[in-house]
Each structure stands twice: as structure tokens, then as C-alpha cells.
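Undergrad: coords23.pdb is reproduced below (PDB, C-alpha atoms).
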```
ATOM      1  CA  MET D   1     -43.983 -74.502  26.918
ATOM      2  CA  THR D   2     -44.841 -73.976  30.558
ATOM      3  CA  ARG D   3     -42.084 -72.392  32.595
ATOM      4  CA  ILE D   4     -42.123 -73.044  36.304
ATOM      5  CA  GLU D   5     -41.040 -70.209  38.534
ATOM      6  CA  ARG D   6     -40.634 -70.555  42.284
ATOM      7  CA  ARG D   7     -40.554 -67.376  44.318
ATOM      8  CA  SER D   8     -39.194 -66.819  47.764
ATOM      9  CA  PRO D   9     -41.583 -64.914  50.038
ATOM     10  CA  VAL D  10     -38.527 -63.107  51.436
ATOM     11  CA  GLN D  11     -37.820 -59.796  49.728
ATOM     12  CA  PHE D  12     -34.796 -57.694  50.650
ATOM     13  CA  LYS D  13     -34.569 -54.045  49.698
ATOM     14  CA  GLY D  14     -30.876 -54.211  48.779
ATOM     15  CA  ARG D  15     -29.815 -54.171  45.146
ATOM     16  CA  ILE D  16     -28.804 -57.593  43.807
ATOM     17  CA  LYS D  17     -25.341 -57.615  42.265
ATOM     18  CA  LYS D  18     -25.183 -61.229  41.158
ATOM     19  CA  TRP D  19     -27.854 -63.886  40.792
ATOM     20  CA  GLU D  20     -28.621 -67.216  39.190
ATOM     21  CA  VAL D  21     -31.612 -69.442  38.524
ATOM     22  CA  ARG D  22     -31.364 -72.682  40.472
ATOM     23  CA  ASP D  23     -34.040 -75.363  40.441
ATOM     24  CA  ASN D  24     -36.552 -72.728  39.179
ATOM     25  CA  TRP D  25     -35.693 -70.332  42.029
ATOM     26  CA  THR D  26     -34.034 -67.011  41.352
ATOM     27  CA  VAL D  27     -31.237 -66.991  43.919
ATOM     28  CA  ALA D  28     -29.389 -63.817  44.905
ATOM     29  CA  LEU D  29     -25.710 -64.685  45.097
ATOM     30  CA  ALA D  30     -24.483 -61.257  46.167
ATOM     31  CA  TYR D  31     -25.901 -57.848  47.054
ATOM     32  CA  GLU D  32     -24.297 -54.483  46.648
ATOM     33  CA  ASP D  33     -23.006 -53.082  49.925
ATOM     34  CA  GLU D  34     -23.344 -56.165  52.116
ATOM     35  CA  GLY D  35     -21.303 -54.467  54.828
ATOM     36  CA  GLN D  36     -18.944 -56.150  57.271
ATOM     37  CA  GLY D  37     -21.546 -58.224  59.048
ATOM     38  CA  PRO D  38     -23.666 -59.466  60.626
ATOM     39  CA  PHE D  39     -25.437 -60.830  57.558
ATOM     40  CA  LEU D  40     -28.956 -62.062  56.817
ATOM     41  CA  VAL D  41     -29.271 -64.500  53.920
ATOM     42  CA  ASP D  42     -32.446 -65.863  52.367
ATOM     43  CA  LEU D  43     -32.115 -69.626  51.968
ATOM     44  CA  SER D  44     -35.748 -70.341  51.148
ATOM     45  CA  HIS D  45     -34.673 -72.015  47.908
ATOM     46  CA  ILE D  46     -32.739 -74.812  49.597
ATOM     47  CA  THR D  47     -34.485 -78.166  49.577
ATOM     48  CA  ARG D  48     -35.927 -79.107  52.956
ATOM     49  CA  TRP D  49     -37.391 -82.496  53.723
ATOM     50  CA  ASP D  50     -39.464 -83.552  56.657
ATOM     51  CA  LEU D  51     -39.094 -87.149  57.766
ATOM     52  CA  GLN D  52     -41.757 -88.558  60.019
ATOM     53  CA  ASP D  53     -42.251 -92.118  61.178
ATOM     54  CA  LYS D  54     -42.845 -94.237  64.256
ATOM     55  CA  SER D  55     -39.361 -95.666  63.797
ATOM     56  CA  LEU D  56     -36.933 -93.257  62.159
ATOM     57  CA  SER D  57     -34.079 -95.726  62.411
ATOM     58  CA  ARG D  58     -35.636 -97.893  59.691
ATOM     59  CA  PHE D  59     -34.892 -95.253  57.046
ATOM     60  CA  ASN D  60     -31.557 -95.915  55.445
ATOM     61  CA  GLN D  61     -29.742 -92.617  55.200
ATOM     62  CA  PRO D  62     -26.333 -92.481  53.509
ATOM     63  CA  PRO D  63     -23.337 -92.908  55.836
ATOM     64  CA  GLY D  64     -22.717 -89.758  57.849
ATOM     65  CA  LYS D  65     -26.271 -88.533  57.253
ATOM     66  CA  GLU D  66     -28.101 -90.842  59.629
ATOM     67  CA  VAL D  67     -30.801 -89.311  61.801
ATOM     68  CA  PRO D  68     -29.274 -88.492  65.212
ATOM     69  CA  GLU D  69     -30.623 -90.359  68.205
ATOM     70  CA  LEU D  70     -31.312 -87.460  70.550
ATOM     71  CA  PRO D  71     -33.954 -84.760  69.899
ATOM     72  CA  GLY D  72     -32.226 -81.436  69.356
ATOM     73  CA  SER D  73     -29.041 -82.907  67.962
ATOM     74  CA  CYS D  74     -27.835 -82.356  64.401
ATOM     75  CA  ARG D  75     -25.480 -83.954  61.935
ATOM     76  CA  LEU D  76     -23.813 -82.028  59.097
ATOM     77  CA  GLN D  77     -22.195 -83.938  56.253
ATOM     78  CA  ASP D  78     -21.481 -82.797  52.684
ATOM     79  CA  GLY D  79     -23.649 -79.733  53.178
ATOM     80  CA  VAL D  80     -26.643 -81.814  54.300
ATOM     81  CA  LEU D  81     -27.944 -81.002  57.772
ATOM     82  CA  VAL D  82     -29.970 -83.763  59.440
ATOM     83  CA  THR D  83     -31.740 -82.686  62.623
ATOM     84  CA  ARG D  84     -33.736 -84.741  65.079
ATOM     85  CA  MET D  85     -36.840 -82.847  66.260
ATOM     86  CA  ASN D  86     -38.546 -85.352  68.511
ATOM     87  CA  ARG D  87     -39.127 -89.079  68.874
ATOM     88  CA  THR D  88     -40.879 -89.420  65.523
ATOM     89  CA  GLN D  89     -39.697 -86.520  63.366
ATOM     90  CA  ALA D  90     -36.528 -85.215  61.730
ATOM     91  CA  VAL D  91     -35.707 -82.597  59.099
ATOM     92  CA  ILE D  92     -33.140 -82.798  56.331
ATOM     93  CA  TRP D  93     -31.837 -79.553  54.817
ATOM     94  CA  HIS D  94     -29.650 -79.550  51.722
ATOM     95  CA  LEU D  95     -27.687 -76.411  52.514
ATOM     96  CA  LEU D  96     -25.140 -76.332  49.733
ATOM     97  CA  SER D  97     -26.247 -78.445  46.858
ATOM     98  CA  GLY D  98     -29.271 -79.402  44.860
ATOM     99  CA  ALA D  99     -31.103 -82.289  46.486
ATOM    100  CA  PRO D 100     -31.534 -85.735  45.005
ATOM    101  CA  ASP D 101     -35.058 -86.832  44.149
ATOM    102  CA  LEU D 102     -37.348 -87.213  47.132
ATOM    103  CA  PRO D 103     -37.231 -90.842  48.319
ATOM    104  CA  ALA D 104     -40.373 -92.786  47.487
ATOM    105  CA  GLU D 105     -40.991 -93.858  51.081
ATOM    106  CA  SER D 106     -44.079 -92.234  52.569
ATOM    107  CA  GLY D 107     -42.210 -90.831  55.582
ATOM    108  CA  TYR D 108     -40.625 -88.087  53.479
ATOM    109  CA  THR D 109     -42.319 -84.783  52.637
ATOM    110  CA  ASP D 110     -40.745 -81.907  50.745
ATOM    111  CA  VAL D 111     -41.599 -78.796  52.788
ATOM    112  CA  SER D 112     -39.419 -76.310  50.879
ATOM    113  CA  ASP D 113     -42.393 -74.369  49.549
ATOM    114  CA  ALA D 114     -44.227 -74.315  52.891
ATOM    115  CA  THR D 115     -41.575 -72.588  54.962
ATOM    116  CA  ILE D 116     -38.922 -69.917  54.737
ATOM    117  CA  CYS D 117     -35.317 -70.415  55.705
ATOM    118  CA  LEU D 118     -32.977 -67.641  56.809
ATOM    119  CA  ALA D 119     -29.363 -67.592  57.908
ATOM    120  CA  LEU D 120     -28.218 -65.009  60.430
ATOM    121  CA  PHE D 121     -24.481 -65.003  61.012
ATOM    122  CA  GLY D 122     -21.400 -62.922  61.559
ATOM    123  CA  PRO D 123     -20.222 -60.520  64.257
ATOM    124  CA  ASN D 124     -22.893 -59.940  66.925
ATOM    125  CA  ALA D 125     -25.376 -62.198  65.137
ATOM    126  CA  LEU D 126     -26.371 -63.820  68.425
ATOM    127  CA  ALA D 127     -26.874 -60.393  70.009
ATOM    128  CA  VAL D 128     -29.432 -59.708  67.272
ATOM    129  CA  ALA D 129     -31.095 -63.052  67.989
ATOM    130  CA  GLU D 130     -31.221 -62.388  71.719
ATOM    131  CA  LYS D 131     -33.171 -59.194  71.101
ATOM    132  CA  LEU D 132     -35.895 -61.231  69.448
ATOM    133  CA  CYS D 133     -36.103 -64.383  71.473
ATOM    134  CA  ALA D 134     -35.585 -65.758  74.963
ATOM    135  CA  LEU D 135     -34.055 -69.082  73.958
ATOM    136  CA  ASP D 136     -30.562 -69.798  75.255
ATOM    137  CA  PHE D 137     -28.171 -69.927  72.311
ATOM    138  CA  LEU D 138     -25.136 -69.727  74.573
ATOM    139  CA  ASP D 139     -25.953 -72.759  76.710
ATOM    140  CA  PRO D 140     -22.510 -74.272  77.398
ATOM    141  CA  GLY D 141     -24.105 -77.678  77.871
ATOM    142  CA  LYS D 142     -24.964 -77.918  74.181
ATOM    143  CA  GLN D 143     -22.512 -78.576  71.403
ATOM    144  CA  VAL D 144     -23.023 -76.914  68.025
ATOM    145  CA  PRO D 145     -24.788 -77.548  65.775
ATOM    146  CA  PHE D 146     -27.951 -78.036  67.810
ATOM    147  CA  LEU D 147     -31.664 -77.403  67.361
ATOM    148  CA  LEU D 148     -33.958 -75.238  69.438
ATOM    149  CA  GLN D 149     -37.689 -75.204  68.763
ATOM    150  CA  GLY D 150     -39.515 -72.207  70.082
ATOM    151  CA  PRO D 151     -40.730 -68.676  69.477
ATOM    152  CA  PHE D 152     -38.446 -66.272  67.642
ATOM    153  CA  SER D 153     -39.999 -62.852  67.421
ATOM    154  CA  HIS D 154     -43.174 -64.568  68.751
ATOM    155  CA  VAL D 155     -43.281 -66.952  65.760
ATOM    156  CA  PRO D 156     -42.863 -70.715  66.254
ATOM    157  CA  CYS D 157     -39.554 -71.566  64.592
ATOM    158  CA  GLN D 158     -36.948 -74.237  64.223
ATOM    159  CA  LEU D 159     -33.583 -72.690  65.023
ATOM    160  CA  VAL D 160     -30.294 -74.437  64.418
ATOM    161  CA  LEU D 161     -27.308 -72.827  66.060
ATOM    162  CA  MET D 162     -24.432 -73.526  63.687
ATOM    163  CA  GLU D 163     -21.571 -71.602  65.198
ATOM    164  CA  ARG D 164     -20.638 -69.858  68.437
ATOM    165  CA  GLY D 165     -17.650 -67.580  68.335
ATOM    166  CA  ARG D 166     -16.225 -64.965  70.625
ATOM    167  CA  GLY D 167     -18.821 -62.964  72.556
ATOM    168  CA  PHE D 168     -22.009 -62.827  70.526
ATOM    169  CA  ASP D 169     -20.418 -63.792  67.214
ATOM    170  CA  GLY D 170     -21.854 -66.861  65.585
ATOM    171  CA  GLY D 171     -24.519 -68.031  63.215
ATOM    172  CA  LEU D 172     -27.869 -69.711  63.115
ATOM    173  CA  LEU D 173     -30.426 -70.974  60.648
ATOM    174  CA  LEU D 174     -34.126 -70.522  61.194
ATOM    175  CA  THR D 175     -37.240 -71.734  59.472
ATOM    176  CA  CYS D 176     -40.856 -70.802  60.040
ATOM    177  CA  SER D 177     -44.104 -70.815  58.100
ATOM    178  CA  ARG D 178     -43.940 -69.037  54.761
ATOM    179  CA  GLY D 179     -46.602 -66.514  55.692
ATOM    180  CA  TYR D 180     -44.388 -64.907  58.333
ATOM    181  CA  ALA D 181     -41.622 -64.039  55.859
ATOM    182  CA  GLU D 182     -42.171 -60.307  55.483
ATOM    183  CA  SER D 183     -42.738 -59.675  59.205
ATOM    184  CA  MET D 184     -39.827 -61.871  60.214
ATOM    185  CA  VAL D 185     -37.365 -60.133  57.911
ATOM    186  CA  HIS D 186     -38.655 -56.731  59.039
ATOM    187  CA  ALA D 187     -38.170 -57.693  62.706
ATOM    188  CA  ILE D 188     -34.679 -59.154  62.236
ATOM    189  CA  LEU D 189     -33.376 -56.279  60.139
ATOM    190  CA  GLY D 190     -34.882 -53.804  62.613
ATOM    191  CA  ALA D 191     -33.266 -55.541  65.581
ATOM    192  CA  GLY D 192     -29.952 -55.770  63.753
ATOM    193  CA  ALA D 193     -29.777 -52.177  62.551
ATOM    194  CA  GLU D 194     -27.684 -51.080  65.536
ATOM    195  CA  PHE D 195     -25.149 -53.823  64.742
ATOM    196  CA  GLY D 196     -24.962 -53.053  61.011
ATOM    197  CA  LEU D 197     -26.980 -56.106  59.915
ATOM    198  CA  LYS D 198     -27.502 -56.190  56.147
ATOM    199  CA  PRO D 199     -28.954 -58.614  53.614
ATOM    200  CA  ALA D 200     -26.369 -60.741  51.889
ATOM    201  CA  GLY D 201     -26.282 -63.273  49.070
ATOM    202  CA  LYS D 202     -25.878 -67.020  49.004
ATOM    203  CA  GLU D 203     -22.140 -66.753  48.280
ATOM    204  CA  ARG D 204     -21.602 -65.063  51.631
ATOM    205  CA  PHE D 205     -23.402 -67.946  53.337
ATOM    206  CA  THR D 206     -21.379 -70.554  51.468
ATOM    207  CA  ASP D 207     -18.125 -68.837  52.437
ATOM    208  CA  TRP D 208     -19.197 -68.648  56.068
ATOM    209  CA  LEU D 209     -20.234 -72.301  56.189
ATOM    210  CA  GLY D 210     -16.886 -73.283  54.705
ATOM    211  CA  THR D 211     -15.121 -71.294  57.433
ATOM    212  CA  ALA D 212     -17.305 -72.552  60.276
ATOM    213  CA  PHE D 213     -17.152 -76.175  59.110
ATOM    214  CA  PRO D 214     -13.872 -76.599  57.209
ATOM    215  CA  ALA D 215     -14.644 -80.267  56.520
ATOM    216  CA  GLN D 216     -17.578 -79.271  54.286
ATOM    217  CA  ASP D 217     -16.873 -79.159  50.578
ATOM    218  CA  THR D 218     -18.522 -75.814  49.872
ATOM    219  CA  SER D 219     -17.335 -75.754  46.299
ATOM    220  CA  SER D 220     -19.321 -78.832  45.327
ATOM    221  CA  ARG D 221     -22.661 -78.759  43.566
ATOM    222  CA  LYS D 222     -23.688 -82.349  43.998
ATOM    223  CA  GLY D 223     -27.191 -83.666  43.453
ATOM    224  CA  LYS D 224     -29.839 -82.698  40.929
ATOM    225  CA  PRO D 225     -28.666 -79.922  38.625
ATOM    226  CA  ALA D 226     -30.462 -76.611  38.678
TER     227      ALA D 226
ATOM    228  CA  MET T   1     -47.632 -65.568  85.067
ATOM    229  CA  ALA T   2     -44.440 -67.132  86.380
ATOM    230  CA  LEU T   3     -45.254 -70.647  85.230
ATOM    231  CA  THR T   4     -42.450 -72.594  83.621
ATOM    232  CA  ILE T   5     -43.020 -76.046  82.201
ATOM    233  CA  THR T   6     -40.490 -78.760  81.473
ATOM    234  CA  CYS T   7     -41.035 -80.139  77.990
ATOM    235  CA  PRO T   8     -39.640 -83.675  77.632
ATOM    236  CA  VAL T   9     -38.014 -82.683  74.315
ATOM    237  CA  CYS T  10     -36.992 -79.036  74.754
ATOM    238  CA  GLY T  11     -36.489 -78.717  78.499
ATOM    239  CA  LYS T  12     -37.724 -75.993  80.829
ATOM    240  CA  ARG T  13     -39.502 -73.202  78.973
ATOM    241  CA  ASN T  14     -41.786 -70.224  79.554
ATOM    242  CA  GLY T  15     -45.398 -71.261  80.159
ATOM    243  CA  TYR T  16     -46.591 -69.019  77.336
ATOM    244  CA  GLU T  17     -45.117 -71.462  74.816
ATOM    245  CA  PHE T  18     -47.598 -74.142  75.882
ATOM    246  CA  ARG T  19     -51.264 -74.901  75.468
ATOM    247  CA  TYR T  20     -53.183 -76.349  78.379
ATOM    248  CA  GLY T  21     -54.814 -79.673  77.524
ATOM    249  CA  GLY T  22     -56.930 -80.244  80.615
ATOM    250  CA  GLU T  23     -56.753 -82.508  83.614
ATOM    251  CA  ASP T  24     -55.499 -86.005  83.113
ATOM    252  CA  LYS T  25     -58.579 -88.173  83.583
ATOM    253  CA  GLY T  26     -56.979 -91.502  82.902
ATOM    254  CA  PRO T  27     -57.782 -93.818  79.999
ATOM    255  CA  ARG T  28     -60.942 -93.475  77.937
ATOM    256  CA  PRO T  29     -63.750 -95.409  79.670
ATOM    257  CA  VAL T  30     -64.903 -98.686  78.142
ATOM    258  CA  GLU T  31     -67.918 -98.190  75.920
ATOM    259  CA  GLU T  32     -69.819-101.251  77.061
ATOM    260  CA  GLY T  33     -72.495-100.189  79.494
ATOM    261  CA  MET T  34     -71.630 -96.523  79.198
ATOM    262  CA  THR T  35     -74.533 -94.126  79.625
ATOM    263  CA  PRO T  36     -74.764 -90.631  78.109
ATOM    264  CA  ARG T  37     -74.456 -89.257  81.613
ATOM    265  CA  SER T  38     -71.262 -91.143  82.437
ATOM    266  CA  TRP T  39     -69.743 -90.098  79.103
ATOM    267  CA  CYS T  40     -70.742 -86.491  79.723
ATOM    268  CA  ASP T  41     -69.150 -86.646  83.147
ATOM    269  CA  TYR T  42     -65.933 -88.039  81.692
ATOM    270  CA  VAL T  43     -65.730 -85.343  79.015
ATOM    271  CA  HIS T  44     -66.898 -82.274  80.894
ATOM    272  CA  MET T  45     -66.535 -82.757  84.622
ATOM    273  CA  ASN T  46     -63.249 -81.809  86.265
ATOM    274  CA  ALA T  47     -61.892 -82.471  89.705
ATOM    275  CA  CYS T  48     -60.511 -78.914  90.048
ATOM    276  CA  VAL T  49     -58.010 -79.979  92.671
ATOM    277  CA  ALA T  50     -56.729 -77.307  95.024
ATOM    278  CA  GLY T  51     -53.223 -78.741  95.182
ATOM    279  CA  VAL T  52     -51.169 -81.007  92.967
ATOM    280  CA  GLN T  53     -52.901 -82.375  89.896
ATOM    281  CA  LYS T  54     -51.785 -84.256  86.812
ATOM    282  CA  GLU T  55     -52.569 -82.404  83.612
ATOM    283  CA  TRP T  56     -51.902 -82.406  79.877
ATOM    284  CA  TRP T  57     -49.906 -79.748  78.058
ATOM    285  CA  CYS T  58     -48.844 -79.264  74.435
ATOM    286  CA  HIS T  59     -45.663 -77.430  73.459
ATOM    287  CA  LYS T  60     -47.462 -75.592  70.675
ATOM    288  CA  ASN T  61     -44.803 -72.937  70.030
ATOM    289  CA  GLY T  62     -42.001 -75.468  70.162
ATOM    290  CA  CYS T  63     -41.741 -79.139  69.338
ATOM    291  CA  GLY T  64     -45.492 -79.838  69.409
ATOM    292  CA  ALA T  65     -45.203 -82.729  71.890
ATOM    293  CA  TRP T  66     -48.117 -83.639  74.181
ATOM    294  CA  PHE T  67     -47.128 -84.668  77.694
ATOM    295  CA  THR T  68     -48.327 -84.631  81.279
ATOM    296  CA  ILE T  69     -46.934 -82.760  84.240
ATOM    297  CA  HIS T  70     -47.897 -82.426  87.873
ATOM    298  CA  ARG T  71     -48.704 -78.858  88.827
ATOM    299  CA  ASN T  72     -49.646 -77.349  92.146
ATOM    300  CA  THR T  73     -52.696 -75.245  91.345
ATOM    301  CA  LEU T  74     -52.240 -73.200  94.521
ATOM    302  CA  THR T  75     -48.698 -72.061  93.739
ATOM    303  CA  ASN T  76     -48.890 -72.477  89.946
ATOM    304  CA  LEU T  77     -45.593 -74.370  90.015
ATOM    305  CA  GLU T  78     -44.642 -77.609  88.369
ATOM    306  CA  VAL T  79     -43.786 -80.143  91.055
ATOM    307  CA  GLU T  80     -42.440 -83.257  89.338
ATOM    308  CA  GLY T  81     -40.882 -84.636  86.200
ATOM    309  CA  VAL T  82     -42.814 -85.349  83.005
ATOM    310  CA  GLU T  83     -43.902 -88.443  81.114
ATOM    311  CA  VAL T  84     -43.300 -88.695  77.371
ATOM    312  CA  THR T  85     -46.445 -89.695  75.504
ATOM    313  CA  SER T  86     -45.976 -88.582  71.890
TER     314      SER T  86
END
```
Mind turning the file's structure into C-alpha cells?
TA:
Amino acid sequence: MTRIERRSPVQFKGRIKKWEVRDNWTVALAYEDEGQGPFLVDLSHITRWDLQDKSLSRFNQPPGKEVPELPGSCRLQDGVLVTRMNRTQAVIWHLLSGAPDLPAESGYTDVSDATICLALFGPNALAVAEKLCALDFLDPGKQVPFLLQGPFSHVPCQLVLMERGRGFDGGLLLTCSRGYAESMVHAILGAGAEFGLKPAGKERFTDWLGTAFPAQDTSSRKGKPA
Amino acid sequence: MALTITCPVCGKRNGYEFRYGGEDKGPRPVEEGMTPRSWCDYVHMNACVAGVQKEWWCHKNGCGAWFTIHRNTLTNLEVEGVEVTS
């Protein structure tokens, strides 16, 4: 029998304390010595869809998960983050749960295996980000969560600012092409060393998301089973 | 380079995030009666305005949108708003 194995291009040096196999990915749930934050979590296993069409409004998303009207705006419901990129394109990230089957309509593409996804959050997380990119995460005119598209450590990325706390506390998600994984992780961990940045497992991310967005049911595992 | 460009999707950004797409030469010429010389002129010849010109840019390190801006080639500054085309 053929066994499918999907591998994240992100490799952390920390020792994995707890892990599970989910949808053919080996997912690190916790690392030994994750520290007190900030944290860097590999989310490359989460299902990410690209939705592209001349008229995005014709796609019937479930209530609460409709594509936002304005480019840069996001909608988070039941652990599903829907983000409008431009006039014709949106992305749908299933942050907490397994995704349902990809809709048959031609506008959808599953891009999970083409990109990496990282979460950077915790105390001074935005100070780490500001060392690597010139984008304005603290723009008071924008309400979280919101999307910025631009270079992060000189790599074109999609960055979703999820939380802004006191000072430089907060959290963001970033995706970029899969080939940049090793360099990106090296750059982020290097920039975050002075703040105590360490790799962390998926459980840390789930806890943080539940704290940042209390309305999200972080205990649920809806959708296709692993 | 101090150039900043206003992307219609992402807002004002560093010029290094963009790719220059050439002068805006208007719509593609009609093919009827077109000579190789007139086509060559349309493709390769530029006005090279010393002043404000309309030109195409692509936000290649950002949202990927193509759009036009007006830029003063003497000061290297954007002078007007942008038009969304993609």
C-alpha cells in the first residue's frame, strides 16, 4: 500500500516533545524549552486555498466566511481566515481545523504545498518583524486582522497582522514561496534571538489564537479528519 | 533612489518593490493598414519626456497589480493619483 507523506520545508532545530500526524503531515504540537515568547510556529500543514475570479462575489461562501469587499481586509470565523488580496483574488486559510474538500469550481486552487506558512507572535513579536521589514504593522488606521503584501526579509510575502498588543506585542501570520523556507526561518530566528524568540508547536499557536480571538472555538476539529 | 509609488491596492510603498513597465503609449494600434515600421515604432520608440509622463508599473513584491502613475522624470517624484487596471 502506498503511504503518502507530506513534509514541511520548515525545519526547526528544537527537540519535538509532542507530535501527531494530520492529513499526512507530521505536525509538531510542542517543543521542549519553548521559552516565554515570542514564538515562531510552523503552520505549513494548514490547508490554504487561493480563490481567483473576475467576480469573487459569485462564490457562495458559508455565512461569516464571505470574501471581504476591500483589498487588505480579513474575516476570521470558526478558525477560517478569508483575506481579500486584490480585485480578483482572495485566500482562505483553515487555521485550526482540517479543511473540507476543495470546491469543484475552477476559481479555487489548493496552494498548501506551494507555500510555507509561519506564525510569529508573543511579546515583542512585532519588534522582530520590524527588524526584517519596512511595512507598517502599527498603522492606527487599520483594524486587525488585516493583510499587507510586500517584502519581508526581502522576500515577497503575504502578511496578516492578527493581533496588536501593548508596545510591540502582537502576532502575525506570513506565507511565502516554499523555496524560501530555510532562509526565512534562519532570518527570523536570527532577528529574534535578542528577544528570546524560540520555535514552538501548534498547541502554542492554538492557545494564542484562542486568547487573541476569544470567539473562536479553538478546541474544535471540524472538517475532514486527519 | 527616493522614489515612492502609490499602489492602488497597497498604498504608498518604496519604489524598490515595483517593476517599471514602460511609458503608457495608449491602446494597441489597429492592425488594419499597419506597416512593420509603424508597429516597430509603437513597440520600441519612446517619447522620453523630460517632465511628467504617464507610465506603467507592477507591484511585483506586493500584490502584483499593474497600474499607471504620472511621474516627473526630472524630480523622480510621483505627481498624481493612480488608475486601477487589473
Undergrad: If you measure from atom CA of D:Ser73 to atom CA of D:Ser153, what distance in Å do you get, rounded to one decimal?
TA: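 Rounded to one decimal, the two atoms are 22.9 Å apart.
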Undergrad: Would you write out, as number ranges by chain, every residue that the ChimeraX specification (/D :<10) & /T captures in this file?
TA: T: 8-10, 13-14, 16-17, 59-65, 84-86
Undergrad: Report, in Å to a single decimal, how far apart atom CA of D:Val91 and atom CA of D:Lys54 are.
TA: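 Computing it gives 14.6 Å between the two atoms.
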Undergrad: What is the distance between atom CA of D:Ile188 and atom CA of D:Gly14, in Å to one decimal?
TA: 14.8 Å
Undergrad: Since I can't run it myself right now, could you work out what the PyMOL selection byres ((chain D and resi 32) around 10) selects here and report it as a ChimeraX atom specification?
TA: /D:14-18,30-31,33-35,199-201
Undergrad: Kindly extract all protein, DNA and RNA residues lying within 12 Å of the coordinates (-46.1, -95.7, 54.4) given in the file, considering only C-alpha atoms, and supply them as a PyMOL selection string.
TA: chain D and resi 51-55+58-59+103-109
Undergrad: Do you know which residues are at most 9 Å from D:Glu163 counting only C-alpha atoms, after dropping those on the same chain fewer than 6 positions away, and could you put them as a PyMOL selection string?
TA: chain D and resi 121+144-145+169-172+212-213
Undergrad: Limited to C-alpha atoms, could you put the picked residues into a file as a PDB file, keeping the file's coordinate frame?
TA:
```
ATOM      1  CA  PHE D 121     -24.481 -65.003  61.012  1.00  0.00           C
ATOM      2  CA  VAL D 144     -23.023 -76.914  68.025  1.00  0.00           C
ATOM      3  CA  PRO D 145     -24.788 -77.548  65.775  1.00  0.00           C
ATOM      4  CA  ASP D 169     -20.418 -63.792  67.214  1.00  0.00           C
ATOM      5  CA  GLY D 170     -21.854 -66.861  65.585  1.00  0.00           C
ATOM      6  CA  GLY D 171     -24.519 -68.031  63.215  1.00  0.00           C
ATOM      7  CA  LEU D 172     -27.869 -69.711  63.115  1.00  0.00           C
ATOM      8  CA  ALA D 212     -17.305 -72.552  60.276  1.00  0.00           C
ATOM      9  CA  PHE D 213     -17.152 -76.175  59.110  1.00  0.00           C
TER      10      PHE D 213
END
```
Undergrad: So, counting all atoms listed in the file, which residue among D:Phe205, D:Asp139, D:Ser183, D:Ala125 is closest to D:Phe168?
TA: D:Ala125
Undergrad: So which one's closest to D:Ser8, D:Val27, D:Val128, D:Cys176, D:Val111? Using only C-alpha atoms, please.
TA: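 Checking each candidate against D:Ser8, we get D:Val27 as the closest.
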